[in-house]
Amino acid sequence: MSFEVLWRYAPSLLSGFAVTILCWLGGSALGLAVGFAIALLYRLPFAPLRWLLRVYIEILRGTPFLVQLFLLYSGGPFIGLRLEATTAGVLGLGLYSSAYFAEAFRAGFSAVPRGQIEAATSIGMNSFDILWRIALPTMLVATLPAIVNLLIVLSKETVILSIITVPELMYQMQTMAAETFTAFNAIFAMAIFYWLLVETVSRLGYRLERRVTAYLSPEARAS
Amino acid sequence: MSAAMIELSAVSKSFGAAPVLRAVDLAVGKSEVVCLIGPSGSGKSTLLRCVNFLESYDSGEIRIEGRLIGYEDRPDGTRRLMRQRALREMRCEIGMVFQHFNLWPHMSALQNVAEPLRRVRGLSAPAAAERAKQVLARVGLADKAASYPGHLSGGQQQRVAIARALAMQPRLMLFDEPTSALDPELVGEVLEVMRSLASEGMTMLIVTHEMGFAAKVADRIAFLDGGRIVESGPPRQVFHESQEPRVRQFLQTYHDRNSF
Amino acid sequence: MQPQVIAHSLAYLTLAAGMTIYVSVAGIVLGMGLGFAVCLARVSGNPVLTRAGAFYVSFFRGVPVLVQLLFIYYFLAEFGIDVPAMAAAIGGLGLASGAFQAEILRGALNAVPRGQAEAATAVGFSRIDIWRRILLPQALRISVPPLINEFTLLLKASSLVSVVGIAELTRVSMNIASSTYRPLEAYAGAGLFYLAINLCLAGLGILAERRLSAGSAR
């Protein structure tokens, strides 16, 4: 692939990159928010609500992301939801990831040692304070590795958005490849690019983890 | 008889089909130190946890300074669960120290002690921090105020836990095997704090295996076996003059290893 | 929608489900072989093998599966080899899965308490026997839950082979959607098939765990 080709397509590639980042961050933010809300709602003692949430989670985790996207993008208009490709992409990513984030938060909550809650109860704290000041901080730290992991997975899922014509990086690459007959080089470049991206984010995530768990004892951190 | 600090009358509890407490009667007077001893599974911890209603009890009454805890008597004679607010009110007058300390790991020692003062007693941040510092000094950990539990030894953590309970200025304190999770050389510093609390007149109900401590500090010892109080009285009576076979059998293993 | 159309669509989807299962199973089996080999390479102690193994895992976990699929499809075309779409599909899924399975196996091996291998060494076991009789059986048992998870992921990733033209569930549902103008029903139908397959997979996982755990303390 000649430098000339790259230079010609630089603007579209950069815009594609920007769209990738936008979809990734937007989808993740939506997923985190919805997932967290689901995890909180799950703690309420309403059996029908939990059943509903469970069904939601299982459907979103049990079907391919691509099928969900098609449902939103192609099927949306039939229920009055006329979405642009990018909007459908972010929404789809957000809903898909919300199920995974919800499960991660749920696991985080059960990782809070009972004793800490008991100490707070025995001292006379009310439920809100116990949740907000005692359970939540520990829960968030416990969930951090899972969240970092999910963010990495989501960054890779963004390439699937190209299939519903969201103009992210993969889509731009394929357009360029088709127009200049440089398919192999383009794909190769994509592979290298994503590989580097994921490695970098993984290492950053690891560093962040160590920083946040600094107050824990060395044994607790090792687990 | 003046109203005892803690009064248990015919308290019974079962876990499913298994009875854990069988009509237990126990009274702890003001400034009294009572130690609960007995074999594992005898119900000592369960009994203690019923006193601040961390565990519910099925029948009988537990009264703190005359007030029933955990339940309310309805006018028609039946009982219902106490409202959360009232329960919390009662709980902040009862200090509890756990076997595994249960400090909050994301807060420093100072913050652990100050947090209940702010959330439950409603103190302002500076006032809470000030009181917390004083109490930490009282247990000998003034220099560790900024340390996190993960970086403190077991004995230090337990002393912070005692400080946390003490800072609330409770009317009485419950101790659930406070030294059982500690390395032997760290046990002394915690027992020392507890002894000084006792000498200052704190009402204490302690579940423990530390017989030497109990012999020296307790006003009364109660021996639990199979959910019943089998023997109860001053240390001398229970440790040296008991006629109950179960008590003598249990104490034999301690006599062989230590003398008290 | 007329019942005839529904019946036809269901028939197509059922066939497509079979294709999905076929491709997924083939990918899983390939992944197992690769995963096992790569895991061995990584714990072999040989610096070249370890490095190669680490690179493989890092690359195939870091690159999105879609990119990997297209990479293989075009990679071989570049060298003049005309790859049937099926080979590209199974190869792509297998390579990707292999990387994850290698890591799962490695984690499981690490989870086997070290003392057990030490006890075996002290008694005089040969290295091969320690592997065969002590480490591998336990590692396999430990790895069942994460493996079932990985298989579920692979099943969902199989939807991507639709882009190289394989007539699996996603591709067929796309065809049905465009020919009947009922995308909601078409994709929902595909979704239900996927859920059904996943349910069976979960059931298999529970069975497998129960079988393997018989006799062990945990």
# chains A, B, ... in the order shown; residues from 1 in each chain; ligands from 1
call {"tool": "interface_residues", "arguments": {"of": "chain C", "to": "chain A", "cutoff": "7 Å", "atoms": "only C-alpha atoms", "output": "list in words"}}
result
Phe59, Gly62, Val63, Pro64, Val67, Phe71, Tyr74, Phe75, Glu78, Lys156, Ala157, Ser159, Thr170, Pro183, Leu184, Tyr187, Gly191, Tyr194, Leu195 and Asn198 of chain C
call {"tool": "residues_around", "arguments": {"residues": "Leu109 of chain C", "least_positions_apart": "4", "cutoff": "9 Å", "atoms": "only C-alpha atoms", "output": "number ranges by chain"}}
result
C: 104-105, 113, 135-136, 138-140, 142-143
call {"tool": "residues_around", "arguments": {"residues": "segment 131-134 of chain A", "least_positions_apart": "2", "cutoff": "12 Å", "atoms": "only C-alpha atoms", "output": "compact mmCIF listing (two decimals) with N, CA, C and O atoms, in the first residue's frame"}}
result
# COMPACT_ATOMS: atom_id res chain seq x y z
N LEU A 40 -28.58 -2.42 40.70
CA LEU A 40 -29.22 -1.85 41.88
C LEU A 40 -30.66 -2.35 41.99
O LEU A 40 -31.11 -2.77 43.05
N ARG A 43 -31.36 -5.73 43.46
CA ARG A 43 -31.27 -5.95 44.89
C ARG A 43 -32.62 -5.76 45.59
O ARG A 43 -32.78 -6.11 46.75
N PHE A 109 -21.07 -6.80 43.95
CA PHE A 109 -21.84 -6.63 45.18
C PHE A 109 -21.69 -7.84 46.09
O PHE A 109 -21.54 -7.71 47.30
N VAL A 112 -18.61 -8.12 48.42
CA VAL A 112 -18.42 -7.30 49.62
C VAL A 112 -18.58 -8.22 50.84
O VAL A 112 -19.61 -8.84 51.01
N PRO A 113 -17.55 -8.31 51.69
CA PRO A 113 -17.62 -9.22 52.82
C PRO A 113 -18.78 -8.88 53.75
O PRO A 113 -18.99 -7.71 54.08
N ARG A 114 -19.51 -9.90 54.18
CA ARG A 114 -20.67 -9.69 55.04
C ARG A 114 -20.31 -8.95 56.30
O ARG A 114 -21.08 -8.14 56.79
N GLY A 115 -19.13 -9.25 56.82
CA GLY A 115 -18.74 -8.67 58.10
C GLY A 115 -18.75 -7.15 58.09
O GLY A 115 -19.10 -6.51 59.08
N GLN A 116 -18.37 -6.57 56.96
CA GLN A 116 -18.32 -5.11 56.91
C GLN A 116 -19.72 -4.53 56.99
O GLN A 116 -19.94 -3.49 57.61
N ILE A 117 -20.66 -5.20 56.33
CA ILE A 117 -22.04 -4.75 56.41
C ILE A 117 -22.56 -4.90 57.83
O ILE A 117 -23.26 -4.03 58.35
N GLU A 118 -22.17 -6.03 58.47
CA GLU A 118 -22.64 -6.27 59.84
C GLU A 118 -22.12 -5.21 60.79
O GLU A 118 -22.83 -4.76 61.68
N ALA A 119 -20.85 -4.84 60.61
CA ALA A 119 -20.29 -3.81 61.49
C ALA A 119 -21.10 -2.53 61.35
O ALA A 119 -21.42 -1.86 62.34
N ALA A 120 -21.44 -2.18 60.12
CA ALA A 120 -22.21 -0.96 59.90
C ALA A 120 -23.62 -1.09 60.47
O ALA A 120 -24.15 -0.14 61.06
N THR A 121 -24.22 -2.26 60.32
CA THR A 121 -25.56 -2.47 60.87
C THR A 121 -25.53 -2.37 62.38
O THR A 121 -26.39 -1.72 62.99
N MET A 125 -26.17 2.25 61.42
CA MET A 125 -26.28 3.00 60.16
C MET A 125 -27.53 2.60 59.41
O MET A 125 -27.96 1.45 59.47
N ASN A 126 -28.10 3.57 58.64
CA ASN A 126 -29.28 3.22 57.85
C ASN A 126 -28.87 2.63 56.51
O ASN A 126 -27.72 2.72 56.10
N SER A 127 -29.85 2.03 55.81
CA SER A 127 -29.54 1.29 54.58
C SER A 127 -28.86 2.14 53.53
O SER A 127 -27.98 1.68 52.82
N PHE A 128 -29.27 3.39 53.40
CA PHE A 128 -28.70 4.23 52.37
C PHE A 128 -27.22 4.46 52.62
O PHE A 128 -26.39 4.33 51.73
N ASP A 129 -26.89 4.80 53.86
CA ASP A 129 -25.49 5.03 54.18
C ASP A 129 -24.67 3.77 54.01
O ASP A 129 -23.54 3.82 53.55
N LEU A 136 -20.69 0.24 48.29
CA LEU A 136 -20.34 0.72 46.96
C LEU A 136 -18.83 0.85 46.71
O LEU A 136 -18.34 0.35 45.71
N PRO A 137 -18.06 1.50 47.61
CA PRO A 137 -16.63 1.62 47.34
C PRO A 137 -15.96 0.27 47.16
O PRO A 137 -15.21 0.06 46.21
N THR A 138 -16.23 -0.66 48.09
CA THR A 138 -15.63 -1.98 47.96
C THR A 138 -16.10 -2.68 46.70
O THR A 138 -15.33 -3.33 46.01
N MET A 139 -17.38 -2.53 46.40
CA MET A 139 -17.94 -3.20 45.24
C MET A 139 -17.30 -2.70 43.96
O MET A 139 -16.97 -3.47 43.07
N LEU A 140 -17.09 -1.38 43.85
CA LEU A 140 -16.53 -0.82 42.63
C LEU A 140 -15.09 -1.31 42.42
O LEU A 140 -14.70 -1.64 41.30
N VAL A 141 -14.33 -1.38 43.50
CA VAL A 141 -12.96 -1.88 43.37
C VAL A 141 -12.96 -3.33 42.92
O VAL A 141 -12.18 -3.75 42.08
N ASN B 102 -13.78 -6.59 61.02
CA ASN B 102 -14.76 -5.95 60.14
C ASN B 102 -14.53 -4.45 59.95
O ASN B 102 -15.48 -3.66 59.87
N LEU B 103 -13.28 -4.06 59.88
CA LEU B 103 -13.00 -2.67 59.53
C LEU B 103 -13.30 -2.46 58.06
O LEU B 103 -13.27 -3.40 57.28
N TRP B 104 -13.60 -1.22 57.69
CA TRP B 104 -13.90 -0.93 56.29
C TRP B 104 -12.60 -0.61 55.58
O TRP B 104 -11.95 0.40 55.88
N PRO B 105 -12.22 -1.47 54.62
CA PRO B 105 -10.85 -1.41 54.09
C PRO B 105 -10.54 -0.17 53.27
O PRO B 105 -9.37 0.17 53.08
N HIS B 106 -11.57 0.49 52.74
CA HIS B 106 -11.29 1.64 51.89
C HIS B 106 -11.19 2.93 52.70
O HIS B 106 -11.08 4.01 52.12
N MET B 107 -11.26 2.81 54.04
CA MET B 107 -11.13 3.99 54.88
C MET B 107 -9.96 3.82 55.83
O MET B 107 -9.68 2.71 56.29
N GLN B 111 -10.82 7.41 59.62
CA GLN B 111 -12.11 7.47 58.95
C GLN B 111 -13.05 6.37 59.43
O GLN B 111 -14.25 6.58 59.54
N ASN B 112 -12.49 5.19 59.71
CA ASN B 112 -13.31 4.10 60.24
C ASN B 112 -13.99 4.53 61.53
O ASN B 112 -15.16 4.24 61.75
N GLU B 115 -16.50 7.71 60.77
CA GLU B 115 -17.66 7.50 59.91
C GLU B 115 -18.98 7.33 60.67
O GLU B 115 -19.96 8.02 60.37
N PRO B 116 -19.04 6.42 61.68
CA PRO B 116 -20.31 6.29 62.41
C PRO B 116 -20.67 7.58 63.14
O PRO B 116 -21.85 7.92 63.25
N ARG B 118 -20.22 10.52 62.13
CA ARG B 118 -20.81 11.46 61.19
C ARG B 118 -22.18 10.98 60.73
O ARG B 118 -23.12 11.75 60.67
N ARG B 119 -22.27 9.69 60.36
CA ARG B 119 -23.52 9.20 59.76
C ARG B 119 -24.59 8.94 60.78
O ARG B 119 -25.77 9.08 60.48
call {"tool": "atom_distance", "arguments": {"atom1": "atom CA of Asn149 of chain C", "atom2": "atom CA of Ala104 of chain A"}}
result
14.5 Å
call {"tool": "select_by_dssp", "arguments": {"residues": "segment 7-198 of chain B", "states": "helix (DSSP H, G or I)", "output": "ChimeraX atom specification"}}
result
/B:44-51,84-91,109-119,125-138,142-144,149-151,154-167,184-198
call {"tool": "atom_distance", "arguments": {"atom1": "atom CA of Met82 of chain B", "atom2": "atom CA of Leu68 of chain B"}}
result
9.1 Å
call {"tool": "decode", "arguments": {"residues": "segment 78-93 of chain A", "atoms": "all heavy atoms", "output": "compact mmCIF listing (two decimals), in the first residue's frame"}}
result
# COMPACT_ATOMS: atom_id res chain seq x y z
N PHE A 78 -40.03 -0.74 11.74
CA PHE A 78 -41.32 -1.42 11.80
C PHE A 78 -42.02 -1.20 13.12
O PHE A 78 -43.18 -1.52 13.28
CB PHE A 78 -41.14 -2.92 11.55
CG PHE A 78 -40.87 -3.24 10.11
CD1 PHE A 78 -39.62 -2.99 9.57
CD2 PHE A 78 -41.85 -3.76 9.30
CE1 PHE A 78 -39.37 -3.25 8.24
CE2 PHE A 78 -41.60 -4.05 7.96
CZ PHE A 78 -40.36 -3.79 7.43
N ILE A 79 -41.28 -0.72 14.15
CA ILE A 79 -41.95 -0.36 15.39
C ILE A 79 -41.79 1.13 15.65
O ILE A 79 -41.82 1.59 16.77
CB ILE A 79 -41.44 -1.18 16.60
CG1 ILE A 79 -39.90 -1.08 16.69
CG2 ILE A 79 -41.88 -2.62 16.51
CD1 ILE A 79 -39.38 -1.68 17.98
N GLY A 80 -41.55 1.86 14.57
CA GLY A 80 -41.53 3.30 14.68
C GLY A 80 -40.20 3.88 15.09
O GLY A 80 -40.11 5.05 15.45
N LEU A 81 -39.14 3.05 15.04
CA LEU A 81 -37.84 3.54 15.49
C LEU A 81 -36.92 3.69 14.28
O LEU A 81 -36.23 2.77 13.89
CB LEU A 81 -37.26 2.51 16.47
CG LEU A 81 -36.24 3.00 17.50
CD1 LEU A 81 -36.90 3.98 18.46
CD2 LEU A 81 -35.69 1.82 18.25
N ARG A 82 -36.93 4.88 13.69
CA ARG A 82 -36.11 5.10 12.51
C ARG A 82 -34.76 5.65 12.92
O ARG A 82 -34.62 6.82 13.21
CB ARG A 82 -36.82 6.10 11.59
CG ARG A 82 -36.93 5.63 10.17
CD ARG A 82 -38.05 6.39 9.43
NE ARG A 82 -39.27 5.60 9.31
CZ ARG A 82 -39.37 4.56 8.47
NH1 ARG A 82 -38.37 4.20 7.73
NH2 ARG A 82 -40.50 3.89 8.41
N LEU A 83 -33.77 4.75 12.99
CA LEU A 83 -32.48 5.18 13.50
C LEU A 83 -31.44 5.29 12.40
O LEU A 83 -31.41 4.50 11.47
CB LEU A 83 -31.97 4.18 14.54
CG LEU A 83 -32.78 4.04 15.81
CD1 LEU A 83 -32.33 2.83 16.59
CD2 LEU A 83 -32.61 5.28 16.67
N GLU A 84 -30.56 6.27 12.57
CA GLU A 84 -29.39 6.35 11.71
C GLU A 84 -28.43 5.26 12.12
O GLU A 84 -28.45 4.81 13.26
CB GLU A 84 -28.72 7.70 11.94
CG GLU A 84 -28.73 8.60 10.74
CD GLU A 84 -27.86 9.80 10.98
OE1 GLU A 84 -26.69 9.62 11.37
OE2 GLU A 84 -28.36 10.92 10.81
N ALA A 85 -27.57 4.88 11.17
CA ALA A 85 -26.66 3.76 11.44
C ALA A 85 -25.86 3.97 12.73
O ALA A 85 -25.78 3.10 13.58
CB ALA A 85 -25.73 3.55 10.26
N THR A 86 -25.26 5.17 12.87
CA THR A 86 -24.40 5.40 14.03
C THR A 86 -25.20 5.36 15.33
O THR A 86 -24.76 4.79 16.33
CB THR A 86 -23.68 6.75 13.91
OG1 THR A 86 -23.13 6.85 12.61
CG2 THR A 86 -22.58 6.88 14.94
N THR A 87 -26.40 5.98 15.29
CA THR A 87 -27.23 5.96 16.49
C THR A 87 -27.59 4.53 16.86
O THR A 87 -27.49 4.13 18.03
CB THR A 87 -28.54 6.73 16.25
OG1 THR A 87 -28.24 7.91 15.52
CG2 THR A 87 -29.20 7.08 17.56
N ALA A 88 -27.98 3.77 15.84
CA ALA A 88 -28.31 2.36 16.09
C ALA A 88 -27.11 1.64 16.66
O ALA A 88 -27.23 0.80 17.56
CB ALA A 88 -28.78 1.70 14.80
N GLY A 89 -25.94 1.97 16.12
CA GLY A 89 -24.72 1.33 16.60
C GLY A 89 -24.46 1.60 18.07
O GLY A 89 -24.18 0.68 18.86
N VAL A 90 -24.53 2.87 18.46
CA VAL A 90 -24.25 3.22 19.86
C VAL A 90 -25.32 2.60 20.77
O VAL A 90 -25.01 2.03 21.82
CB VAL A 90 -24.22 4.75 20.04
CG1 VAL A 90 -24.09 5.11 21.51
CG2 VAL A 90 -23.07 5.36 19.26
N LEU A 91 -26.58 2.72 20.35
CA LEU A 91 -27.66 2.15 21.16
C LEU A 91 -27.49 0.64 21.31
O LEU A 91 -27.60 0.09 22.41
CB LEU A 91 -29.01 2.48 20.50
CG LEU A 91 -30.26 2.13 21.30
CD1 LEU A 91 -30.27 2.92 22.61
CD2 LEU A 91 -31.51 2.42 20.51
N GLY A 92 -27.20 0.00 20.16
CA GLY A 92 -27.01 -1.45 20.20
C GLY A 92 -25.87 -1.85 21.11
O GLY A 92 -26.00 -2.76 21.93
N LEU A 93 -24.75 -1.15 20.99
CA LEU A 93 -23.59 -1.44 21.82
C LEU A 93 -23.94 -1.22 23.29
O LEU A 93 -23.55 -2.01 24.16
CB LEU A 93 -22.43 -0.54 21.41
CG LEU A 93 -21.02 -1.02 21.76
CD1 LEU A 93 -20.76 -2.38 21.16
CD2 LEU A 93 -20.00 -0.02 21.25
